[in-house]
$ cat data28.pdb   # PDB, C-alpha atoms and all ligand atoms
ATOM      1  CA  MET W   1     210.404  35.920 126.039  1.00  0.00           C
ATOM      2  CA  GLN W   2     207.104  35.787 124.272  1.00  0.00           C
ATOM      3  CA  THR W   3     206.077  33.081 121.931  1.00  0.00           C
ATOM      4  CA  SER W   4     205.452  34.089 118.362  1.00  0.00           C
ATOM      5  CA  GLY W   5     203.368  30.952 117.795  1.00  0.00           C
ATOM      6  CA  VAL W   6     199.665  31.426 117.209  1.00  0.00           C
ATOM      7  CA  GLU W   7     198.802  29.685 120.458  1.00  0.00           C
ATOM      8  CA  PRO W   8     197.684  30.929 122.912  1.00  0.00           C
ATOM      9  CA  TYR W   9     196.258  33.798 120.855  1.00  0.00           C
ATOM     10  CA  ALA W  10     194.001  31.598 118.747  1.00  0.00           C
ATOM     11  CA  SER W  11     192.211  30.127 121.737  1.00  0.00           C
ATOM     12  CA  ARG W  12     191.842  33.484 123.538  1.00  0.00           C
ATOM     13  CA  LEU W  13     190.498  35.053 120.358  1.00  0.00           C
ATOM     14  CA  GLN W  14     188.022  32.255 119.907  1.00  0.00           C
ATOM     15  CA  GLU W  15     186.823  32.669 123.467  1.00  0.00           C
ATOM     16  CA  VAL W  16     186.436  36.447 123.104  1.00  0.00           C
ATOM     17  CA  GLN W  17     184.634  36.024 119.772  1.00  0.00           C
ATOM     18  CA  GLN W  18     182.188  33.606 121.371  1.00  0.00           C
ATOM     19  CA  ARG W  19     181.503  36.140 124.130  1.00  0.00           C
ATOM     20  CA  ILE W  20     180.991  38.882 121.510  1.00  0.00           C
ATOM     21  CA  ASP W  21     178.569  36.658 119.598  1.00  0.00           C
ATOM     22  CA  ALA W  22     176.642  35.820 122.774  1.00  0.00           C
ATOM     23  CA  ALA W  23     176.453  39.466 123.893  1.00  0.00           C
ATOM     24  CA  ALA W  24     175.281  40.568 120.448  1.00  0.00           C
ATOM     25  CA  LEU W  25     172.617  37.869 120.362  1.00  0.00           C
ATOM     26  CA  LYS W  26     171.400  38.884 123.806  1.00  0.00           C
ATOM     27  CA  ALA W  27     171.204  42.518 122.690  1.00  0.00           C
ATOM     28  CA  GLY W  28     169.317  41.607 119.523  1.00  0.00           C
ATOM     29  CA  ARG W  29     172.246  42.745 117.399  1.00  0.00           C
ATOM     30  CA  LYS W  30     174.342  41.068 114.729  1.00  0.00           C
ATOM     31  CA  SER W  31     177.938  40.336 115.703  1.00  0.00           C
ATOM     32  CA  GLU W  32     178.996  41.402 112.187  1.00  0.00           C
ATOM     33  CA  GLU W  33     178.098  44.975 113.231  1.00  0.00           C
ATOM     34  CA  VAL W  34     180.862  44.805 115.811  1.00  0.00           C
ATOM     35  CA  THR W  35     184.494  45.357 114.766  1.00  0.00           C
ATOM     36  CA  LEU W  36     187.114  43.823 117.036  1.00  0.00           C
ATOM     37  CA  ILE W  37     190.280  45.892 117.414  1.00  0.00           C
ATOM     38  CA  VAL W  38     193.080  44.094 119.218  1.00  0.00           C
ATOM     39  CA  VAL W  39     195.056  46.600 121.308  1.00  0.00           C
ATOM     40  CA  SER W  40     198.694  45.507 121.008  1.00  0.00           C
ATOM     41  CA  LYS W  41     200.394  48.135 123.187  1.00  0.00           C
ATOM     42  CA  PHE W  42     203.461  46.829 125.045  1.00  0.00           C
ATOM     43  CA  HIS W  43     203.523  43.775 122.766  1.00  0.00           C
ATOM     44  CA  SER W  44     205.987  43.221 119.978  1.00  0.00           C
ATOM     45  CA  ALA W  45     205.482  43.199 116.238  1.00  0.00           C
ATOM     46  CA  GLU W  46     205.912  39.405 116.446  1.00  0.00           C
ATOM     47  CA  VAL W  47     202.832  39.194 118.657  1.00  0.00           C
ATOM     48  CA  VAL W  48     200.935  41.309 116.109  1.00  0.00           C
ATOM     49  CA  ARG W  49     202.034  38.858 113.394  1.00  0.00           C
ATOM     50  CA  ALA W  50     200.848  35.881 115.410  1.00  0.00           C
ATOM     51  CA  ILE W  51     197.440  37.473 116.090  1.00  0.00           C
ATOM     52  CA  HIS W  52     197.115  38.511 112.455  1.00  0.00           C
ATOM     53  CA  ALA W  53     197.763  34.876 111.514  1.00  0.00           C
ATOM     54  CA  CYS W  54     194.613  34.076 113.521  1.00  0.00           C
ATOM     55  CA  GLY W  55     192.573  36.323 111.215  1.00  0.00           C
ATOM     56  CA  VAL W  56     192.726  39.754 112.899  1.00  0.00           C
ATOM     57  CA  SER W  57     193.438  42.818 110.770  1.00  0.00           C
ATOM     58  CA  ASN W  58     192.470  45.671 113.115  1.00  0.00           C
ATOM     59  CA  PHE W  59     195.062  46.620 115.732  1.00  0.00           C
ATOM     60  CA  GLY W  60     195.141  49.456 118.249  1.00  0.00           C
ATOM     61  CA  GLU W  61     197.960  51.391 119.890  1.00  0.00           C
ATOM     62  CA  ASN W  62     197.981  54.290 122.333  1.00  0.00           C
ATOM     63  CA  ARG W  63     201.454  55.847 121.947  1.00  0.00           C
ATOM     64  CA  GLN W  64     202.886  57.225 118.724  1.00  0.00           C
ATOM     65  CA  GLN W  65     206.513  56.408 119.559  1.00  0.00           C
ATOM     66  CA  GLU W  66     205.632  52.743 120.075  1.00  0.00           C
ATOM     67  CA  ALA W  67     203.051  52.409 117.326  1.00  0.00           C
ATOM     68  CA  GLU W  68     204.957  53.940 114.434  1.00  0.00           C
ATOM     69  CA  PRO W  69     207.873  51.439 114.415  1.00  0.00           C
ATOM     70  CA  LYS W  70     205.474  48.543 115.023  1.00  0.00           C
ATOM     71  CA  ALA W  71     203.369  49.562 112.035  1.00  0.00           C
ATOM     72  CA  ALA W  72     206.557  49.851 109.956  1.00  0.00           C
ATOM     73  CA  GLU W  73     207.741  46.369 111.035  1.00  0.00           C
ATOM     74  CA  THR W  74     204.426  44.868 109.967  1.00  0.00           C
ATOM     75  CA  ALA W  75     203.993  46.928 106.786  1.00  0.00           C
ATOM     76  CA  ASP W  76     204.046  43.735 104.705  1.00  0.00           C
ATOM     77  CA  LEU W  77     200.743  42.678 106.324  1.00  0.00           C
ATOM     78  CA  ASP W  78     197.404  44.187 105.355  1.00  0.00           C
ATOM     79  CA  LEU W  79     196.611  45.821 108.708  1.00  0.00           C
ATOM     80  CA  ASN W  80     194.402  48.692 109.843  1.00  0.00           C
ATOM     81  CA  TRP W  81     195.974  50.622 112.689  1.00  0.00           C
ATOM     82  CA  HIS W  82     193.742  52.426 115.169  1.00  0.00           C
ATOM     83  CA  PHE W  83     195.168  55.109 117.418  1.00  0.00           C
ATOM     84  CA  VAL W  84     193.354  54.998 120.772  1.00  0.00           C
ATOM     85  CA  GLY W  85     195.570  57.059 123.112  1.00  0.00           C
ATOM     86  CA  GLN W  86     195.720  60.721 124.044  1.00  0.00           C
ATOM     87  CA  LEU W  87     197.055  62.644 121.098  1.00  0.00           C
ATOM     88  CA  GLN W  88     199.096  65.838 121.057  1.00  0.00           C
ATOM     89  CA  SER W  89     198.714  68.138 118.087  1.00  0.00           C
ATOM     90  CA  LYS W  90     202.434  67.970 117.272  1.00  0.00           C
ATOM     91  CA  LYS W  91     202.129  64.183 116.797  1.00  0.00           C
ATOM     92  CA  ALA W  92     198.808  64.128 114.974  1.00  0.00           C
ATOM     93  CA  ARG W  93     200.186  64.255 111.445  1.00  0.00           C
ATOM     94  CA  ALA W  94     202.698  61.490 112.162  1.00  0.00           C
ATOM     95  CA  VAL W  95     199.923  59.303 113.554  1.00  0.00           C
ATOM     96  CA  ALA W  96     197.721  59.924 110.511  1.00  0.00           C
ATOM     97  CA  ARG W  97     200.496  58.526 108.297  1.00  0.00           C
ATOM     98  CA  PHE W  98     200.208  55.001 109.716  1.00  0.00           C
ATOM     99  CA  ALA W  99     196.773  54.936 111.369  1.00  0.00           C
ATOM    100  CA  SER W 100     193.560  54.578 109.378  1.00  0.00           C
ATOM    101  CA  THR W 101     191.484  55.680 112.354  1.00  0.00           C
ATOM    102  CA  ILE W 102     192.046  58.001 115.305  1.00  0.00           C
ATOM    103  CA  HIS W 103     189.705  57.241 118.222  1.00  0.00           C
ATOM    104  CA  SER W 104     190.825  60.074 120.489  1.00  0.00           C
ATOM    105  CA  LEU W 105     189.929  63.366 118.805  1.00  0.00           C
ATOM    106  CA  ASP W 106     189.293  65.720 121.691  1.00  0.00           C
ATOM    107  CA  ARG W 107     190.792  69.114 120.940  1.00  0.00           C
ATOM    108  CA  GLY W 108     190.742  71.740 118.246  1.00  0.00           C
ATOM    109  CA  SER W 109     194.528  71.847 117.888  1.00  0.00           C
ATOM    110  CA  VAL W 110     194.592  68.189 116.796  1.00  0.00           C
ATOM    111  CA  VAL W 111     191.787  68.781 114.302  1.00  0.00           C
ATOM    112  CA  LYS W 112     193.680  71.781 112.942  1.00  0.00           C
ATOM    113  CA  ALA W 113     196.870  69.717 112.576  1.00  0.00           C
ATOM    114  CA  LEU W 114     194.930  67.021 110.728  1.00  0.00           C
ATOM    115  CA  SER W 115     193.292  69.533 108.391  1.00  0.00           C
ATOM    116  CA  SER W 116     196.435  69.630 106.225  1.00  0.00           C
ATOM    117  CA  ILE W 117     197.243  65.919 105.859  1.00  0.00           C
ATOM    118  CA  ASP W 118     197.429  64.248 102.463  1.00  0.00           C
ATOM    119  CA  GLY W 119     194.270  62.201 102.016  1.00  0.00           C
ATOM    120  CA  THR W 120     191.826  61.502 104.809  1.00  0.00           C
ATOM    121  CA  VAL W 121     191.684  59.808 108.185  1.00  0.00           C
ATOM    122  CA  ASP W 122     188.705  58.261 109.967  1.00  0.00           C
ATOM    123  CA  GLY W 123     188.032  59.663 113.426  1.00  0.00           C
ATOM    124  CA  PHE W 124     186.006  59.279 116.577  1.00  0.00           C
ATOM    125  CA  ILE W 125     185.348  62.064 119.063  1.00  0.00           C
ATOM    126  CA  GLN W 126     186.467  60.895 122.477  1.00  0.00           C
ATOM    127  CA  ILE W 127     184.074  62.023 125.182  1.00  0.00           C
ATOM    128  CA  ASN W 128     185.038  62.266 128.828  1.00  0.00           C
ATOM    129  CA  LEU W 129     182.514  60.379 130.973  1.00  0.00           C
ATOM    130  CA  THR W 130     184.307  61.202 134.236  1.00  0.00           C
ATOM    131  CA  ASN W 131     184.196  64.398 136.295  1.00  0.00           C
ATOM    132  CA  ASP W 132     187.985  64.694 135.980  1.00  0.00           C
ATOM    133  CA  ALA W 133     188.808  67.208 133.252  1.00  0.00           C
ATOM    134  CA  ALA W 134     192.395  65.870 133.116  1.00  0.00           C
ATOM    135  CA  ARG W 135     191.180  62.610 131.605  1.00  0.00           C
ATOM    136  CA  GLY W 136     191.101  62.437 127.835  1.00  0.00           C
ATOM    137  CA  GLY W 137     187.992  63.451 125.959  1.00  0.00           C
ATOM    138  CA  VAL W 138     185.773  66.454 125.356  1.00  0.00           C
ATOM    139  CA  ALA W 139     183.333  67.436 128.073  1.00  0.00           C
ATOM    140  CA  PRO W 140     179.791  66.340 127.122  1.00  0.00           C
ATOM    141  CA  GLU W 141     178.581  69.952 126.990  1.00  0.00           C
ATOM    142  CA  ASN W 142     181.174  70.697 124.280  1.00  0.00           C
ATOM    143  CA  LEU W 143     180.432  67.653 122.130  1.00  0.00           C
ATOM    144  CA  LEU W 144     178.296  69.233 119.440  1.00  0.00           C
ATOM    145  CA  GLN W 145     180.397  72.345 119.033  1.00  0.00           C
ATOM    146  CA  PHE W 146     183.522  70.189 118.664  1.00  0.00           C
ATOM    147  CA  ALA W 147     181.709  67.938 116.184  1.00  0.00           C
ATOM    148  CA  GLU W 148     180.908  70.988 114.043  1.00  0.00           C
ATOM    149  CA  THR W 149     184.624  71.802 113.865  1.00  0.00           C
ATOM    150  CA  ILE W 150     185.374  68.287 112.621  1.00  0.00           C
ATOM    151  CA  LEU W 151     182.496  68.329 110.145  1.00  0.00           C
ATOM    152  CA  GLU W 152     184.067  71.453 108.628  1.00  0.00           C
ATOM    153  CA  THR W 153     187.369  69.566 108.156  1.00  0.00           C
ATOM    154  CA  PRO W 154     187.244  67.582 104.896  1.00  0.00           C
ATOM    155  CA  SER W 155     190.315  65.470 105.723  1.00  0.00           C
ATOM    156  CA  ILE W 156     188.580  63.892 108.736  1.00  0.00           C
ATOM    157  CA  ASN W 157     185.791  61.383 108.148  1.00  0.00           C
ATOM    158  CA  LEU W 158     183.833  61.435 111.404  1.00  0.00           C
ATOM    159  CA  LEU W 159     182.701  57.909 112.308  1.00  0.00           C
ATOM    160  CA  GLY W 160     181.181  58.549 115.726  1.00  0.00           C
ATOM    161  CA  ILE W 161     181.961  58.738 119.407  1.00  0.00           C
ATOM    162  CA  MET W 162     184.440  56.966 121.708  1.00  0.00           C
ATOM    163  CA  ALA W 163     184.798  56.614 125.466  1.00  0.00           C
ATOM    164  CA  VAL W 164     186.553  54.724 128.213  1.00  0.00           C
ATOM    165  CA  ALA W 165     184.230  53.748 131.063  1.00  0.00           C
ATOM    166  CA  PRO W 166     185.137  55.476 134.356  1.00  0.00           C
ATOM    167  CA  LEU W 167     186.653  53.205 137.016  1.00  0.00           C
ATOM    168  CA  ASP W 168     184.345  54.423 139.776  1.00  0.00           C
ATOM    169  CA  GLU W 169     181.057  53.704 138.058  1.00  0.00           C
ATOM    170  CA  LEU W 170     179.295  50.627 136.711  1.00  0.00           C
ATOM    171  CA  PRO W 171     180.094  50.311 133.001  1.00  0.00           C
ATOM    172  CA  ARG W 172     176.419  49.890 132.074  1.00  0.00           C
ATOM    173  CA  ALA W 173     175.542  53.318 133.518  1.00  0.00           C
ATOM    174  CA  ALA W 174     178.440  54.935 131.663  1.00  0.00           C
ATOM    175  CA  PHE W 175     177.631  53.224 128.359  1.00  0.00           C
ATOM    176  CA  GLU W 176     173.985  54.201 128.669  1.00  0.00           C
ATOM    177  CA  ARG W 177     175.088  57.851 128.837  1.00  0.00           C
ATOM    178  CA  LEU W 178     177.438  57.255 125.925  1.00  0.00           C
ATOM    179  CA  ALA W 179     174.547  55.954 123.818  1.00  0.00           C
ATOM    180  CA  LYS W 180     172.619  59.183 124.553  1.00  0.00           C
ATOM    181  CA  HIS W 181     175.624  61.290 123.517  1.00  0.00           C
ATOM    182  CA  SER W 182     175.836  59.226 120.325  1.00  0.00           C
ATOM    183  CA  ALA W 183     172.187  59.967 119.572  1.00  0.00           C
ATOM    184  CA  ALA W 184     172.811  63.692 120.115  1.00  0.00           C
ATOM    185  CA  LEU W 185     175.766  63.560 117.737  1.00  0.00           C
ATOM    186  CA  GLN W 186     173.727  61.733 115.108  1.00  0.00           C
ATOM    187  CA  ALA W 187     171.103  64.477 115.246  1.00  0.00           C
ATOM    188  CA  ILE W 188     173.655  66.811 113.613  1.00  0.00           C
ATOM    189  CA  ALA W 189     175.794  64.157 111.839  1.00  0.00           C
ATOM    190  CA  PRO W 190     173.612  61.178 110.859  1.00  0.00           C
ATOM    191  CA  GLU W 191     176.555  59.286 109.342  1.00  0.00           C
ATOM    192  CA  ALA W 192     178.584  59.504 112.552  1.00  0.00           C
ATOM    193  CA  ASN W 193     176.686  56.590 114.060  1.00  0.00           C
ATOM    194  CA  LYS W 194     179.525  54.375 115.304  1.00  0.00           C
ATOM    195  CA  ILE W 195     180.450  53.853 118.967  1.00  0.00           C
ATOM    196  CA  SER W 196     183.974  52.885 120.034  1.00  0.00           C
ATOM    197  CA  ALA W 197     183.648  51.394 123.511  1.00  0.00           C
ATOM    198  CA  GLY W 198     184.341  48.201 125.393  1.00  0.00           C
ATOM    199  CA  MET W 199     187.630  46.825 126.697  1.00  0.00           C
ATOM    200  CA  THR W 200     188.658  43.539 128.297  1.00  0.00           C
ATOM    201  CA  HIS W 201     186.541  44.021 131.421  1.00  0.00           C
ATOM    202  CA  ASP W 202     183.447  45.679 129.964  1.00  0.00           C
ATOM    203  CA  PHE W 203     182.984  44.758 126.303  1.00  0.00           C
ATOM    204  CA  GLU W 204     179.786  42.781 126.854  1.00  0.00           C
ATOM    205  CA  GLU W 205     178.123  45.777 128.524  1.00  0.00           C
ATOM    206  CA  ALA W 206     179.380  48.015 125.694  1.00  0.00           C
ATOM    207  CA  ILE W 207     177.777  45.724 123.099  1.00  0.00           C
ATOM    208  CA  GLU W 208     174.505  45.935 125.028  1.00  0.00           C
ATOM    209  CA  PHE W 209     174.581  49.741 124.604  1.00  0.00           C
ATOM    210  CA  GLY W 210     175.439  49.773 120.926  1.00  0.00           C
ATOM    211  CA  ALA W 211     179.241  49.593 120.661  1.00  0.00           C
ATOM    212  CA  THR W 212     180.368  49.011 117.081  1.00  0.00           C
ATOM    213  CA  HIS W 213     184.142  49.075 117.689  1.00  0.00           C
ATOM    214  CA  LEU W 214     185.592  47.122 120.620  1.00  0.00           C
ATOM    215  CA  ARG W 215     189.142  47.887 121.785  1.00  0.00           C
ATOM    216  CA  ILE W 216     190.311  44.719 123.487  1.00  0.00           C
ATOM    217  CA  GLY W 217     193.841  44.173 124.741  1.00  0.00           C
ATOM    218  CA  SER W 218     194.791  41.824 127.535  1.00  0.00           C
ATOM    219  CA  ALA W 219     191.922  39.332 127.066  1.00  0.00           C
ATOM    220  CA  ILE W 220     193.617  38.433 123.776  1.00  0.00           C
ATOM    221  CA  THR W 221     197.260  39.431 124.110  1.00  0.00           C
ATOM    222  CA  GLY W 222     197.636  38.168 127.663  1.00  0.00           C
ATOM    223  CA  GLU W 223     199.070  40.323 130.412  1.00  0.00           C
ATOM    224  CA  ARG W 224     201.108  43.237 129.154  1.00  0.00           C
ATOM    225  CA  VAL W 225     204.843  43.130 129.734  1.00  0.00           C
ATOM    226  CA  ILE W 226     206.906  46.278 129.443  1.00  0.00           C
ATOM    227  CA  SER W 227     209.728  44.756 127.437  1.00  0.00           C
ATOM    228  CA  ASP W 228     209.397  41.817 125.115  1.00  0.00           C
TER
HETATM  229  C1  LIG W 301     194.832  49.706 126.616  1.00  0.00           C
HETATM  230  C2  LIG W 301     193.585  50.255 126.062  1.00  0.00           C
HETATM  231  C3  LIG W 301     192.522  49.400 125.709  1.00  0.00           C
HETATM  232  C4  LIG W 301     192.554  47.898 125.918  1.00  0.00           C
HETATM  233  O1  LIG W 301     192.542  47.625 127.298  1.00  0.00           O
HETATM  234  P1  LIG W 301     192.341  46.140 127.892  1.00  0.00           P
HETATM  235  O2  LIG W 301     191.798  46.365 129.241  1.00  0.00           O
HETATM  236  O3  LIG W 301     193.699  45.514 127.898  1.00  0.00           O
HETATM  237  O4  LIG W 301     191.401  45.423 127.001  1.00  0.00           O
HETATM  238  C5  LIG W 301     191.385  49.983 125.155  1.00  0.00           C
HETATM  239  N1  LIG W 301     191.282  51.319 124.982  1.00  0.00           N
HETATM  240  C6  LIG W 301     192.276  52.163 125.306  1.00  0.00           C
HETATM  241  C7  LIG W 301     192.075  53.630 125.090  1.00  0.00           C
HETATM  242  C8  LIG W 301     193.454  51.665 125.865  1.00  0.00           C
HETATM  243  O5  LIG W 301     194.428  52.519 126.219  1.00  0.00           O
END
$ encode --input "data28.pdb" --output "structure tokens" --more "lines below"
Ligand SMILES: *Cc1c(COP(=O)(O)O)cnc(C)c1O
Amino acid sequence: MQTSGVEPYASRLQEVQQRIDAAALKAGRKSEEVTLIVVSKFHSAEVVRAIHACGVSNFGENRQQEAEPKAAETADLDLNWHFVGQLQSKKARAVARFASTIHSLDRGSVVKALSSIDGTVDGFIQINLTNDAARGGVAPENLLQFAETILETPSINLLGIMAVAPLDELPRAAFERLAKHSAALQAIAPEANKISAGMTHDFEEAIEFGATHLRIGSAITGERVISD
């Protein structure tokens, strides 16, 4: 059983926010430039309600079959849903119906599927910082060509670039590369200047290298349980 009371979420959120503020200060940045997305995967809609009651409106999910019902159960709240997981083209349109932002654009078939949605969706290009092509994300050498495809798709508003730091490398080294890829992207798409990076164990390093959208789960939700 999970509590639907606002504790302990309020105190964890406060602690994370203080760490964000401190990291931003240290980096000479303003913490208002940094959007906190609470990743609620494996947690119930009641947990989302409790965290929303603490002042959070941006939530992230990584699986369509879990996210869609959760978004429906919380439709009475004014929430922004962010899709952060690997996305198949056959699910892309369904995701765009509840998510305001897709952080994991990494293939032409998904872009094509999104080209015919009603309205628009915000998107990040996910870049693969590992040497393992099976991980999500476009290879760095394909970044600009893929960006061109998105820029030709009026229904996608390209915000910037997203990555998950590799497990076998120091996060600072990975985020330094990510910042360079962001600069390369901005050379062809000046508006696409946002960086989605930073999770529970590396968000301070991500802020140091320019992250504007943090995707933080367990530091706020607590340990994930498979069934609530
Ligand atoms: C789960 C997840 C997160 C949050 O991870 P934590 O380590 O719990 O903060 C962030 N980004 C993606 C893509 C995820 O799948």
$ resolve_selection --input "data28.pdb" --expression "the PyMOL selection byres (((chain W and resi 146) around 12) and not hetatm)" --output "VMD selection string"
chain W and resid 105 to 112 124 to 127 137 to 145 147 to 153 158 161 185 188 to 189
$ resolve_selection --input "data28.pdb" --expression "the PyMOL selection byres (((chain W and resi 162) around 12) and not hetatm)" --output "number ranges by chain"
W: 83-85, 101-106, 123-129, 136-138, 140, 143, 158-161, 163-165, 174-175, 177-179, 181-182, 185, 192-199, 206, 210-215
$ write_last_selection --input "data28.pdb" --atoms "C-alpha atoms" --output "PDB file, in the frame of the given file"
ATOM      1  CA  PHE W  83     195.168  55.109 117.418  1.00  0.00           C
ATOM      2  CA  VAL W  84     193.354  54.998 120.772  1.00  0.00           C
ATOM      3  CA  GLY W  85     195.570  57.059 123.112  1.00  0.00           C
ATOM      4  CA  THR W 101     191.484  55.680 112.354  1.00  0.00           C
ATOM      5  CA  ILE W 102     192.046  58.001 115.305  1.00  0.00           C
ATOM      6  CA  HIS W 103     189.705  57.241 118.222  1.00  0.00           C
ATOM      7  CA  SER W 104     190.825  60.074 120.489  1.00  0.00           C
ATOM      8  CA  LEU W 105     189.929  63.366 118.805  1.00  0.00           C
ATOM      9  CA  ASP W 106     189.293  65.720 121.691  1.00  0.00           C
ATOM     10  CA  GLY W 123     188.032  59.663 113.426  1.00  0.00           C
ATOM     11  CA  PHE W 124     186.006  59.279 116.577  1.00  0.00           C
ATOM     12  CA  ILE W 125     185.348  62.064 119.063  1.00  0.00           C
ATOM     13  CA  GLN W 126     186.467  60.895 122.477  1.00  0.00           C
ATOM     14  CA  ILE W 127     184.074  62.023 125.182  1.00  0.00           C
ATOM     15  CA  ASN W 128     185.038  62.266 128.828  1.00  0.00           C
ATOM     16  CA  LEU W 129     182.514  60.379 130.973  1.00  0.00           C
ATOM     17  CA  GLY W 136     191.101  62.437 127.835  1.00  0.00           C
ATOM     18  CA  GLY W 137     187.992  63.451 125.959  1.00  0.00           C
ATOM     19  CA  VAL W 138     185.773  66.454 125.356  1.00  0.00           C
ATOM     20  CA  PRO W 140     179.791  66.340 127.122  1.00  0.00           C
ATOM     21  CA  LEU W 143     180.432  67.653 122.130  1.00  0.00           C
ATOM     22  CA  LEU W 158     183.833  61.435 111.404  1.00  0.00           C
ATOM     23  CA  LEU W 159     182.701  57.909 112.308  1.00  0.00           C
ATOM     24  CA  GLY W 160     181.181  58.549 115.726  1.00  0.00           C
ATOM     25  CA  ILE W 161     181.961  58.738 119.407  1.00  0.00           C
ATOM     26  CA  ALA W 163     184.798  56.614 125.466  1.00  0.00           C
ATOM     27  CA  VAL W 164     186.553  54.724 128.213  1.00  0.00           C
ATOM     28  CA  ALA W 165     184.230  53.748 131.063  1.00  0.00           C
ATOM     29  CA  ALA W 174     178.440  54.935 131.663  1.00  0.00           C
ATOM     30  CA  PHE W 175     177.631  53.224 128.359  1.00  0.00           C
ATOM     31  CA  ARG W 177     175.088  57.851 128.837  1.00  0.00           C
ATOM     32  CA  LEU W 178     177.438  57.255 125.925  1.00  0.00           C
ATOM     33  CA  ALA W 179     174.547  55.954 123.818  1.00  0.00           C
ATOM     34  CA  HIS W 181     175.624  61.290 123.517  1.00  0.00           C
ATOM     35  CA  SER W 182     175.836  59.226 120.325  1.00  0.00           C
ATOM     36  CA  LEU W 185     175.766  63.560 117.737  1.00  0.00           C
ATOM     37  CA  ALA W 192     178.584  59.504 112.552  1.00  0.00           C
ATOM     38  CA  ASN W 193     176.686  56.590 114.060  1.00  0.00           C
ATOM     39  CA  LYS W 194     179.525  54.375 115.304  1.00  0.00           C
ATOM     40  CA  ILE W 195     180.450  53.853 118.967  1.00  0.00           C
ATOM     41  CA  SER W 196     183.974  52.885 120.034  1.00  0.00           C
ATOM     42  CA  ALA W 197     183.648  51.394 123.511  1.00  0.00           C
ATOM     43  CA  GLY W 198     184.341  48.201 125.393  1.00  0.00           C
ATOM     44  CA  MET W 199     187.630  46.825 126.697  1.00  0.00           C
ATOM     45  CA  ALA W 206     179.380  48.015 125.694  1.00  0.00           C
ATOM     46  CA  GLY W 210     175.439  49.773 120.926  1.00  0.00           C
ATOM     47  CA  ALA W 211     179.241  49.593 120.661  1.00  0.00           C
ATOM     48  CA  THR W 212     180.368  49.011 117.081  1.00  0.00           C
ATOM     49  CA  HIS W 213     184.142  49.075 117.689  1.00  0.00           C
ATOM     50  CA  LEU W 214     185.592  47.122 120.620  1.00  0.00           C
ATOM     51  CA  ARG W 215     189.142  47.887 121.785  1.00  0.00           C
TER      52      ARG W 215
END
$ closest_residue --input "data28.pdb" --among "W:Pro69, W:Gly60, W:Gly55, W:Gly217" --to "ligand LIG 301 (chain W)" --atoms "all atoms listed in the file"
W:Gly217
$ atom_distance --input "data28.pdb" --atom1 "atom CA of W:Phe203" --atom2 "atom CA of W:Ala187"
25.5 Å
$ atom_distance --input "data28.pdb" --atom1 "atom CA of W:Glu33" --atom2 "atom CA of W:Glu204"
13.9 Å
$ build_atoms --input "data28.pdb" --residues "stretch 170-179 of chain W" --atoms "N, CA, C and O atoms" --output "compact mmCIF listing (two decimals), in the coordinates of the input"
# COMPACT_ATOMS: atom_id res chain seq x y z
N LEU W 170 179.60 51.84 137.45
CA LEU W 170 179.30 50.63 136.71
C LEU W 170 179.34 50.92 135.21
O LEU W 170 178.80 51.93 134.76
N PRO W 171 179.99 50.05 134.44
CA PRO W 171 180.09 50.31 133.00
C PRO W 171 178.74 50.49 132.31
O PRO W 171 178.61 51.33 131.41
N ARG W 172 177.71 49.77 132.75
CA ARG W 172 176.42 49.89 132.07
C ARG W 172 175.88 51.32 132.17
O ARG W 172 175.34 51.86 131.20
N ALA W 173 176.03 51.94 133.35
CA ALA W 173 175.54 53.32 133.52
C ALA W 173 176.30 54.27 132.60
O ALA W 173 175.72 55.15 131.96
N ALA W 174 177.61 54.07 132.51
CA ALA W 174 178.44 54.94 131.66
C ALA W 174 178.08 54.73 130.18
O ALA W 174 177.95 55.70 129.42
N PHE W 175 177.91 53.49 129.77
CA PHE W 175 177.63 53.22 128.36
C PHE W 175 176.22 53.66 127.97
O PHE W 175 175.96 53.98 126.80
N GLU W 176 175.33 53.69 128.94
CA GLU W 176 173.98 54.20 128.67
C GLU W 176 174.07 55.70 128.35
O GLU W 176 173.43 56.19 127.41
N ARG W 177 174.88 56.43 129.13
CA ARG W 177 175.09 57.85 128.84
C ARG W 177 175.74 58.03 127.47
O ARG W 177 175.39 58.91 126.70
N LEU W 178 176.73 57.16 127.20
CA LEU W 178 177.44 57.26 125.92
C LEU W 178 176.46 57.09 124.75
O LEU W 178 176.56 57.82 123.75
N ALA W 179 175.54 56.17 124.89
CA ALA W 179 174.55 55.95 123.82
C ALA W 179 173.70 57.22 123.60
O ALA W 179 173.36 57.57 122.47
